[in-house]
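**Student:** What follows is input_33.pdb, PDB, C-alpha atoms.
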ATOM      1  CA  MET Z   1     -59.504 -30.333 -38.534
ATOM      2  CA  ASP Z   2     -59.920 -26.589 -38.794
ATOM      3  CA  GLU Z   3     -60.068 -26.421 -35.013
ATOM      4  CA  LEU Z   4     -56.779 -28.305 -34.714
ATOM      5  CA  ASN Z   5     -55.165 -25.983 -37.206
ATOM      6  CA  SER Z   6     -56.498 -22.994 -35.294
ATOM      7  CA  VAL Z   7     -55.144 -24.341 -31.985
ATOM      8  CA  ALA Z   8     -51.765 -25.070 -33.563
ATOM      9  CA  SER Z   9     -51.671 -21.616 -35.080
ATOM     10  CA  ASP Z  10     -52.463 -20.016 -31.695
ATOM     11  CA  SER Z  11     -49.737 -22.067 -30.033
ATOM     12  CA  VAL Z  12     -47.202 -20.991 -32.632
ATOM     13  CA  ASP Z  13     -48.242 -17.378 -32.209
ATOM     14  CA  LYS Z  14     -47.916 -17.602 -28.451
ATOM     15  CA  ALA Z  15     -44.531 -19.316 -28.745
ATOM     16  CA  ASN Z  16     -43.350 -16.633 -31.136
ATOM     17  CA  GLU Z  17     -44.653 -13.979 -28.781
ATOM     18  CA  LEU Z  18     -42.860 -15.635 -25.823
ATOM     19  CA  VAL Z  19     -39.642 -15.897 -27.804
ATOM     20  CA  GLY Z  20     -39.949 -12.257 -28.760
ATOM     21  CA  VAL Z  21     -40.455 -11.250 -25.143
ATOM     22  CA  LEU Z  22     -37.499 -13.393 -24.065
ATOM     23  CA  ILE Z  23     -35.331 -11.887 -26.774
ATOM     24  CA  GLN Z  24     -36.427  -8.393 -25.795
ATOM     25  CA  TYR Z  25     -35.744  -8.875 -22.079
ATOM     26  CA  GLY Z  26     -32.641 -10.946 -22.779
ATOM     27  CA  SER Z  27     -31.237  -8.224 -24.996
ATOM     28  CA  ALA Z  28     -32.009  -5.566 -22.418
ATOM     29  CA  PHE Z  29     -30.497  -7.666 -19.587
ATOM     30  CA  GLY Z  30     -27.504  -8.563 -21.720
ATOM     31  CA  LEU Z  31     -26.881  -4.900 -22.447
ATOM     32  CA  LYS Z  32     -27.153  -4.139 -18.747
ATOM     33  CA  VAL Z  33     -24.647  -6.896 -17.957
ATOM     34  CA  VAL Z  34     -22.251  -5.587 -20.599
ATOM     35  CA  PHE Z  35     -22.591  -2.025 -19.319
ATOM     36  CA  ALA Z  36     -22.246  -3.261 -15.704
ATOM     37  CA  VAL Z  37     -18.957  -4.966 -16.593
ATOM     38  CA  LEU Z  38     -17.785  -1.809 -18.364
ATOM     39  CA  PHE Z  39     -18.812   0.287 -15.357
ATOM     40  CA  TRP Z  40     -16.885  -2.081 -13.071
ATOM     41  CA  ILE Z  41     -13.728  -1.899 -15.185
ATOM     42  CA  VAL Z  42     -13.902   1.875 -15.586
ATOM     43  CA  GLY Z  43     -14.868   2.333 -11.926
ATOM     44  CA  ARG Z  44     -11.957   0.239 -10.712
ATOM     45  CA  TRP Z  45      -9.585   2.194 -12.928
ATOM     46  CA  MET Z  46     -10.943   5.487 -11.586
ATOM     47  CA  ILE Z  47     -10.623   4.251  -7.994
ATOM     48  CA  SER Z  48      -6.981   3.292  -8.595
ATOM     49  CA  PHE Z  49      -6.368   6.678 -10.219
ATOM     50  CA  ILE Z  50      -7.944   8.548  -7.286
ATOM     51  CA  VAL Z  51      -5.951   6.546  -4.725
ATOM     52  CA  ARG Z  52      -2.680   7.134  -6.595
ATOM     53  CA  PHE Z  53      -3.461  10.831  -6.969
ATOM     54  CA  VAL Z  54      -4.221  11.243  -3.254
ATOM     55  CA  GLN Z  55      -1.116   9.290  -2.226
ATOM     56  CA  ARG Z  56       1.125  11.281  -4.569
ATOM     57  CA  SER Z  57      -0.294  14.518  -3.194
ATOM     58  CA  MET Z  58       0.320  13.365   0.377
ATOM     59  CA  THR Z  59       3.807  12.156  -0.538
ATOM     60  CA  ARG Z  60       4.718  15.625  -1.806
ATOM     61  CA  GLN Z  61       3.654  16.939   1.601
ATOM     62  CA  ARG Z  62       5.977  14.380   3.259
ATOM     63  CA  ILE Z  63       3.202  12.525   5.036
ATOM     64  CA  ASP Z  64       4.282   9.397   6.931
ATOM     65  CA  PRO Z  65       4.158   6.270   4.665
ATOM     66  CA  THR Z  66       1.971   4.454   7.182
ATOM     67  CA  VAL Z  67      -0.617   7.233   6.945
ATOM     68  CA  LEU Z  68      -0.549   6.855   3.161
ATOM     69  CA  ARG Z  69      -1.399   3.155   3.463
ATOM     70  CA  TYR Z  70      -4.248   3.893   5.868
ATOM     71  CA  VAL Z  71      -5.722   6.566   3.598
ATOM     72  CA  GLY Z  72      -5.325   4.400   0.489
ATOM     73  CA  PHE Z  73      -6.991   1.432   2.189
ATOM     74  CA  PHE Z  74      -9.909   3.530   3.446
ATOM     75  CA  ILE Z  75     -10.539   5.239   0.074
ATOM     76  CA  THR Z  76     -10.309   1.949  -1.844
ATOM     77  CA  VAL Z  77     -12.791   0.103   0.371
ATOM     78  CA  THR Z  78     -15.266   2.989   0.507
ATOM     79  CA  LEU Z  79     -15.276   3.653  -3.244
ATOM     80  CA  ASN Z  80     -15.552  -0.053  -4.076
ATOM     81  CA  ILE Z  81     -18.671  -0.353  -1.911
ATOM     82  CA  ILE Z  82     -20.187   2.705  -3.600
ATOM     83  CA  LEU Z  83     -19.325   1.269  -7.033
ATOM     84  CA  VAL Z  84     -20.954  -2.092  -6.298
ATOM     85  CA  ILE Z  85     -24.146  -0.453  -4.991
ATOM     86  CA  ALA Z  86     -24.296   1.811  -8.058
ATOM     87  CA  ILE Z  87     -23.904  -1.140 -10.455
ATOM     88  CA  LEU Z  88     -26.596  -3.146  -8.657
ATOM     89  CA  GLY Z  89     -28.940  -0.153  -8.825
ATOM     90  CA  TYR Z  90     -28.276   0.205 -12.565
ATOM     91  CA  CYS Z  91     -29.085  -3.483 -13.088
ATOM     92  CA  GLY Z  92     -32.466  -2.943 -11.422
ATOM     93  CA  ILE Z  93     -31.652  -4.691  -8.153
ATOM     94  CA  GLU Z  94     -33.208  -3.036  -5.117
ATOM     95  CA  THR Z  95     -30.267  -1.596  -3.232
ATOM     96  CA  THR Z  96     -32.236  -0.756  -0.088
ATOM     97  CA  SER Z  97     -32.550  -4.385   0.903
ATOM     98  CA  PHE Z  98     -28.957  -4.933  -0.182
ATOM     99  CA  ALA Z  99     -27.833  -2.129   2.093
ATOM    100  CA  ALA Z 100     -29.730  -3.730   4.983
ATOM    101  CA  ILE Z 101     -28.123  -7.089   4.259
ATOM    102  CA  LEU Z 102     -24.727  -5.424   3.976
ATOM    103  CA  ALA Z 103     -25.252  -3.712   7.318
ATOM    104  CA  ALA Z 104     -26.224  -7.036   8.935
ATOM    105  CA  VAL Z 105     -23.208  -8.761   7.414
ATOM    106  CA  GLY Z 106     -20.995  -5.914   8.543
ATOM    107  CA  LEU Z 107     -22.364  -6.210  12.075
ATOM    108  CA  ALA Z 108     -21.740  -9.958  12.120
ATOM    109  CA  ILE Z 109     -18.241  -9.532  10.742
ATOM    110  CA  GLY Z 110     -17.587  -6.748  13.213
ATOM    111  CA  MET Z 111     -18.581  -8.958  16.127
ATOM    112  CA  ALA Z 112     -16.494 -11.846  14.812
ATOM    113  CA  TRP Z 113     -13.509  -9.633  14.062
ATOM    114  CA  SER Z 114     -13.803  -7.340  17.065
ATOM    115  CA  GLY Z 115     -10.160  -7.959  17.957
ATOM    116  CA  LEU Z 116      -8.951  -7.100  14.453
ATOM    117  CA  LEU Z 117     -11.124  -3.990  14.311
ATOM    118  CA  ALA Z 118      -9.809  -2.928  17.712
ATOM    119  CA  ASN Z 119      -6.276  -3.303  16.371
ATOM    120  CA  LEU Z 120      -7.242  -1.315  13.271
ATOM    121  CA  ALA Z 121      -8.705   1.517  15.355
ATOM    122  CA  ALA Z 122      -5.713   1.500  17.707
ATOM    123  CA  GLY Z 123      -3.385   1.688  14.703
ATOM    124  CA  GLY Z 124      -5.231   4.791  13.534
ATOM    125  CA  PHE Z 125      -4.799   6.412  16.943
ATOM    126  CA  ILE Z 126      -1.091   5.523  16.957
ATOM    127  CA  ILE Z 127      -0.687   7.214  13.590
ATOM    128  CA  VAL Z 128      -2.602  10.319  14.656
ATOM    129  CA  LEU Z 129      -1.216  10.738  18.176
ATOM    130  CA  ARG Z 130       2.308   9.540  17.229
ATOM    131  CA  PRO Z 131       3.579   8.255  20.597
ATOM    132  CA  PHE Z 132       6.407   6.731  18.557
ATOM    133  CA  LYS Z 133       7.541   6.438  14.960
ATOM    134  CA  VAL Z 134       9.477   4.000  12.813
ATOM    135  CA  GLY Z 135      13.070   3.789  14.053
ATOM    136  CA  ASP Z 136      12.270   4.579  17.707
ATOM    137  CA  GLU Z 137      13.240   2.181  20.470
ATOM    138  CA  ILE Z 138      10.176   1.525  22.591
ATOM    139  CA  GLY Z 139       8.855  -0.696  25.348
ATOM    140  CA  ALA Z 140       5.168  -1.602  24.967
ATOM    141  CA  GLY Z 141       2.962  -4.664  25.087
ATOM    142  CA  GLY Z 142       5.655  -6.598  26.946
ATOM    143  CA  VAL Z 143       8.180  -6.107  24.136
ATOM    144  CA  VAL Z 144      11.264  -3.883  24.026
ATOM    145  CA  GLY Z 145      12.927  -3.134  20.697
ATOM    146  CA  THR Z 146      13.169  -0.900  17.653
ATOM    147  CA  VAL Z 147      10.035  -0.167  15.626
ATOM    148  CA  THR Z 148      10.457  -1.232  12.005
ATOM    149  CA  GLU Z 149       6.858  -0.826  10.775
ATOM    150  CA  ILE Z 150       3.487   0.428  12.000
ATOM    151  CA  GLY Z 151       0.912  -1.654  10.125
ATOM    152  CA  LEU Z 152      -2.874  -1.662   9.882
ATOM    153  CA  PHE Z 153      -3.291  -4.280  12.596
ATOM    154  CA  VAL Z 154       0.144  -4.912  14.120
ATOM    155  CA  THR Z 155       3.333  -3.034  14.886
ATOM    156  CA  THR Z 156       6.589  -4.758  13.949
ATOM    157  CA  VAL Z 157       9.349  -4.510  16.563
ATOM    158  CA  ASN Z 158      12.892  -5.837  16.235
ATOM    159  CA  THR Z 159      14.122  -6.810  19.701
ATOM    160  CA  ALA Z 160      17.677  -6.459  21.019
ATOM    161  CA  ASP Z 161      18.375 -10.158  20.373
ATOM    162  CA  ASN Z 162      17.349  -9.665  16.718
ATOM    163  CA  VAL Z 163      13.918 -11.307  16.911
ATOM    164  CA  LEU Z 164      11.243  -9.769  14.679
ATOM    165  CA  THR Z 165       8.134  -9.477  16.853
ATOM    166  CA  LEU Z 166       4.608  -8.543  15.751
ATOM    167  CA  VAL Z 167       2.523  -6.882  18.465
ATOM    168  CA  GLY Z 168      -1.192  -6.079  18.102
ATOM    169  CA  ASN Z 169      -1.808  -2.339  17.906
ATOM    170  CA  ASN Z 170      -4.577  -2.551  20.506
ATOM    171  CA  LYS Z 171      -2.246  -4.286  22.969
ATOM    172  CA  ILE Z 172       0.330  -1.528  22.471
ATOM    173  CA  PHE Z 173      -2.148   1.343  22.699
ATOM    174  CA  SER Z 174      -3.866  -0.049  25.790
ATOM    175  CA  ASP Z 175      -0.543  -0.619  27.567
ATOM    176  CA  THR Z 176       2.045   1.774  28.963
ATOM    177  CA  ILE Z 177       4.306   2.972  26.134
ATOM    178  CA  GLN Z 178       7.941   3.836  26.829
ATOM    179  CA  ASN Z 179       9.754   5.713  24.072
ATOM    180  CA  PHE Z 180      13.484   5.502  24.731
ATOM    181  CA  SER Z 181      14.362   7.560  21.647
ATOM    182  CA  SER Z 182      12.161  10.568  22.345
ATOM    183  CA  ASN Z 183      14.520  12.500  24.663
ATOM    184  CA  ASP Z 184      17.975  13.823  23.789
ATOM    185  CA  PHE Z 185      19.783  11.405  26.084
ATOM    186  CA  ARG Z 186      19.181   8.366  28.263
ATOM    187  CA  ARG Z 187      20.581   7.681  31.706
ATOM    188  CA  VAL Z 188      22.443   4.478  32.542
ATOM    189  CA  GLU Z 189      22.174   3.465  36.190
ATOM    190  CA  LEU Z 190      24.536   0.974  37.835
ATOM    191  CA  SER Z 191      25.163   0.059  41.460
ATOM    192  CA  LEU Z 192      28.069  -1.561  43.279
ATOM    193  CA  ALA Z 193      28.550  -2.752  46.851
ATOM    194  CA  LEU Z 194      31.715  -1.991  48.849
ATOM    195  CA  PRO Z 195      32.938  -3.117  52.257
ATOM    196  CA  PHE Z 196      31.850  -0.750  54.994
ATOM    197  CA  ALA Z 197      35.440   0.273  55.805
ATOM    198  CA  THR Z 198      36.128   1.425  52.221
ATOM    199  CA  ASP Z 199      36.753   5.130  51.711
ATOM    200  CA  GLU Z 200      34.051   5.845  49.162
ATOM    201  CA  ARG Z 201      35.704   9.135  48.151
ATOM    202  CA  VAL Z 202      38.571   7.196  46.598
ATOM    203  CA  VAL Z 203      36.230   4.922  44.671
ATOM    204  CA  VAL Z 204      34.044   7.809  43.549
ATOM    205  CA  GLY Z 205      37.037   9.797  42.329
ATOM    206  CA  LEU Z 206      38.524   6.877  40.387
ATOM    207  CA  LEU Z 207      35.177   5.971  38.830
ATOM    208  CA  GLN Z 208      34.466   9.531  37.770
ATOM    209  CA  GLN Z 209      37.856   9.721  36.072
ATOM    210  CA  ARG Z 210      37.549   6.353  34.325
ATOM    211  CA  LEU Z 211      33.834   6.448  33.436
ATOM    212  CA  GLY Z 212      34.151   9.944  31.991
ATOM    213  CA  ARG Z 213      36.483   8.492  29.361
ATOM    214  CA  VAL Z 214      34.161   5.664  28.298
ATOM    215  CA  ALA Z 215      33.174   5.982  24.639
ATOM    216  CA  ASN Z 216      29.825   7.712  23.976
ATOM    217  CA  VAL Z 217      29.372   8.872  27.589
ATOM    218  CA  LEU Z 218      28.132  12.480  27.606
ATOM    219  CA  SER Z 219      30.085  15.114  29.500
ATOM    220  CA  ALA Z 220      26.852  16.973  30.270
ATOM    221  CA  PRO Z 221      25.117  15.804  32.351
ATOM    222  CA  ALA Z 222      28.318  14.708  34.059
ATOM    223  CA  VAL Z 223      28.912  11.313  35.628
ATOM    224  CA  ASP Z 224      27.162  11.272  39.011
ATOM    225  CA  ILE Z 225      28.121   8.827  41.779
ATOM    226  CA  ARG Z 226      26.443   8.865  45.193
ATOM    227  CA  VAL Z 227      26.005   6.621  48.209
ATOM    228  CA  LYS Z 228      22.692   4.839  47.759
ATOM    229  CA  ASP Z 229      22.514   2.576  50.797
ATOM    230  CA  VAL Z 230      24.535   1.908  53.973
ATOM    231  CA  SER Z 231      24.495  -1.073  56.300
ATOM    232  CA  SER Z 232      26.744  -2.281  59.109
ATOM    233  CA  GLU Z 233      28.640  -4.493  56.670
ATOM    234  CA  SER Z 234      28.635  -2.611  53.359
ATOM    235  CA  LEU Z 235      27.712   0.503  51.481
ATOM    236  CA  VAL Z 236      26.169   0.716  48.009
ATOM    237  CA  LEU Z 237      27.108   3.312  45.409
ATOM    238  CA  MET Z 238      24.735   4.389  42.641
ATOM    239  CA  VAL Z 239      26.466   5.300  39.382
ATOM    240  CA  ARG Z 240      24.598   7.475  36.872
ATOM    241  CA  LEU Z 241      25.976   8.334  33.442
ATOM    242  CA  CYS Z 242      24.202   9.601  30.315
ATOM    243  CA  CYS Z 243      24.439   8.738  26.639
ATOM    244  CA  HIS Z 244      22.350   8.831  23.491
ATOM    245  CA  SER Z 245      19.717   6.114  23.244
ATOM    246  CA  GLU Z 246      21.435   4.195  20.439
ATOM    247  CA  HIS Z 247      24.576   3.822  22.598
ATOM    248  CA  TYR Z 248      22.794   2.641  25.746
ATOM    249  CA  ARG Z 249      23.807  -1.011  25.618
ATOM    250  CA  SER Z 250      27.443  -0.399  24.674
ATOM    251  CA  VAL Z 251      27.799   2.202  27.436
ATOM    252  CA  TYR Z 252      26.076  -0.129  29.917
ATOM    253  CA  PHE Z 253      28.497  -2.989  29.286
ATOM    254  CA  ASP Z 254      31.600  -0.791  28.951
ATOM    255  CA  ALA Z 255      30.790   0.961  32.238
ATOM    256  CA  ASN Z 256      30.420  -2.386  33.995
ATOM    257  CA  GLY Z 257      33.825  -3.376  32.677
ATOM    258  CA  VAL Z 258      35.370  -0.160  33.971
ATOM    259  CA  ILE Z 259      33.803  -0.636  37.419
ATOM    260  CA  ARG Z 260      35.141  -4.164  37.579
ATOM    261  CA  GLU Z 261      38.614  -2.982  36.561
ATOM    262  CA  VAL Z 262      38.644  -0.225  39.201
ATOM    263  CA  LEU Z 263      37.552  -2.588  41.966
ATOM    264  CA  LYS Z 264      40.163  -5.143  40.912
ATOM    265  CA  ASN Z 265      42.925  -2.526  40.917
ATOM    266  CA  MET Z 266      41.830  -1.391  44.356
ATOM    267  CA  ALA Z 267      42.093  -4.963  45.605
ATOM    268  CA  ASP Z 268      45.579  -5.360  44.078
ATOM    269  CA  HIS Z 269      47.003  -1.953  45.056
ATOM    270  CA  GLN Z 270      46.645   0.612  47.782
ATOM    271  CA  VAL Z 271      44.807   3.600  46.362
ATOM    272  CA  GLN Z 272      45.531   6.960  48.012
ATOM    273  CA  ILE Z 273      44.544  10.602  47.639
ATOM    274  CA  ASP Z 274      47.208  13.192  46.933
ATOM    275  CA  VAL Z 275      46.218  15.726  49.583
ATOM    276  CA  VAL Z 276      48.258  18.490  47.910
ATOM    277  CA  SER Z 277      46.809  18.337  44.403
ATOM    278  CA  GLY Z 278      43.594  16.574  45.232
ATOM    279  CA  GLU Z 279      44.328  14.002  42.499
ATOM    280  CA  PHE Z 280      44.038  10.275  42.920
ATOM    281  CA  ALA Z 281      47.077   8.023  42.853
ATOM    282  CA  GLU Z 282      47.956   4.375  43.194
ATOM    283  CA  SER Z 283      50.867   3.156  45.368
ATOM    284  CA  ARG Z 284      52.228  -0.216  44.314
ATOM    285  CA  PRO Z 285      54.091  -2.518  46.634
ATOM    286  CA  GLY Z 286      57.832  -2.077  46.164
ATOM    287  CA  SER Z 287      57.511   1.137  44.156
ATOM    288  CA  GLY Z 288      58.883   3.228  46.995
ATOM    289  CA  GLY Z 289      56.265   5.880  46.632
ATOM    290  CA  VAL Z 290      53.081   6.933  45.042
ATOM    291  CA  ASP Z 291      52.422   6.659  41.304
ATOM    292  CA  ARG Z 292      50.012   9.195  39.943
ATOM    293  CA  GLU Z 293      46.931   7.886  38.283
ATOM    294  CA  VAL Z 294      47.231   8.876  34.639
ATOM    295  CA  GLY Z 295      44.010  10.242  33.208
TER     296      GLY Z 295
END
Would you mind writing the file's structure down as structure tokens?
**Tutor:**
Amino acid sequence: MDELNSVASDSVDKANELVGVLIQYGSAFGLKVVFAVLFWIVGRWMISFIVRFVQRSMTRQRIDPTVLRYVGFFITVTLNIILVIAILGYCGIETTSFAAILAAVGLAIGMAWSGLLANLAAGGFIIVLRPFKVGDEIGAGGVVGTVTEIGLFVTTVNTADNVLTLVGNNKIFSDTIQNFSSNDFRRVELSLALPFATDERVVVGLLQQRLGRVANVLSAPAVDIRVKDVSSESLVLMVRLCCHSEHYRSVYFDANGVIREVLKNMADHQVQIDVVSGEFAESRPGSGGVDREVG
């Protein structure tokens, strides 16, 4: 009986000892969990504060908004990784093995997302090298339009027919980039074919007068019209006129309309050169003379 009591007493003592150990370790672990949560909350707040501070500082220096997003994204991801590793180390978890696992996971993700990472890297180069900016009209990656946003992975382009198109940054950066807004003016080139017997001087003179008055056509460089090609049946004139990039399409269509009008008038009337003044005139059937072309 005494032996049974002794065994029972030893069991109770061991159970009490085990409970005490569990309480001790549980309390310590619980405190670590509580402090880890507090560290996470405070750390996240500090990360947000740092990102806002950096972005406000860069905003005062008039840094491009896309650069601000890149910097904010990079700082947020980097500091969050550091925060997680620090919390795991505080909780007693071996961070060396965690870092190895993280590196392996990063490698696997990098291989799976190689296209996205290529777009991310290309976006960084676009921001740094600045071959174009928001608002420029460009041709790249098989798309022509106005840039509305340069994102982390894609560049948003609004095409001439008002279609919002997303193009991967890597596709743009690895392709030939044409920036139509970079130079002060853009040249519009048109061509027209005439019968071989036509006096091209008359056509050139009339076109120079009429095209020079088209809205948004620049006076310098002046309208340039030259013979491009000659055959036994026809000759081809090349018309070059300059305008600002935003007026390219309107000038292109207006100039075509003027060329059509001049050719139609030439078909309906006999166009002559006033050899005295050197000005161009139109003689109409039944007019009894030559009517001067009014500029």
**Student:** Given the choices Z:Val223, Z:Ala86, Z:Val204, Z:Cys91, which gets closest to Val236 (chain Z) if the distance is worked out from only C-alpha atoms?
**Tutor:**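 Of Z:Val223, Z:Ala86, Z:Val204, Z:Cys91, the one nearest Val236 (chain Z), counting only C-alpha atoms, is Z:Val204.
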**Student:** If you measure from CA of His247 (chain Z) to CA of Asn216 (chain Z), what distance in Å do you get, rounded to one decimal?
**Tutor:** 6.7 Å
**Student:** Using only C-alpha atoms, find each residue in region 174-230 of chain Z having at least one atom no more than 6 Å away from region 128-151 of chain Z; report its shortest atom-to-atom pair and that distance in Å (one decimal), rows by chain then rising number, as JSON lines.
**Tutor:**
{"residue": "Z:Asp175", "atom": "CA", "partner": "Z:Gly141", "partner_atom": "CA", "distance": 5.9}
{"residue": "Z:Ile177", "atom": "CA", "partner": "Z:Ala140", "partner_atom": "CA", "distance": 4.8}
{"residue": "Z:Gln178", "atom": "CA", "partner": "Z:Gly139", "partner_atom": "CA", "distance": 4.9}
{"residue": "Z:Asn179", "atom": "CA", "partner": "Z:Ile138", "partner_atom": "CA", "distance": 4.5}
{"residue": "Z:Phe180", "atom": "CA", "partner": "Z:Glu137", "partner_atom": "CA", "distance": 5.4}
{"residue": "Z:Ser181", "atom": "CA", "partner": "Z:Asp136", "partner_atom": "CA", "distance": 5.4}
**Student:** Can you measure CA of Arg201 (chain Z) to CA of Arg186 (chain Z) for me? One decimal in Å is fine.
**Tutor:** 25.9 Å
**Student:** Using CA of Val251 (chain Z) and CA of Gly205 (chain Z) as the two end points, give the distance in Å to one decimal.
**Tutor:**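 Between CA of Val251 (chain Z) and CA of Gly205 (chain Z) the gap works out to 19.1 Å.
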**Student:** Just checking: using all atoms listed in the file, which residue out of Z:Arg60, Z:Arg260, Z:Lys228, Z:Arg249 ends up closest to Leu211 (chain Z)?
**Tutor:**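 Closest candidate: Z:Arg260.
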**Student:** When distances are computed from all atoms listed in the file, which of Z:Asp184, Z:Arg240, Z:Gly72, Z:Ser231 shows the smallest separation from Arg56 (chain Z)?
**Tutor:** Z:Gly72
**Student:** Find the residues around Val239 (chain Z) up to 8 Å (all atoms listed in the file counted), leave out those fewer than 4 positions away in its own chain, and share them as a list in words.
**Tutor:** Val188, Glu189, Leu190, Ser191, Val223, Asp224, Ile225 and Arg226 of chain Z
**Student:** Restricting the calculation to only C-alpha atoms, which member of Z:Ile82, Z:Phe196, Z:Gln209, Z:Ala267 is positioned closest to Ser232 (chain Z)?
**Tutor:**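 Among Z:Ile82, Z:Phe196, Z:Gln209, Z:Ala267, it is Z:Phe196 that comes nearest to Ser232 (chain Z).
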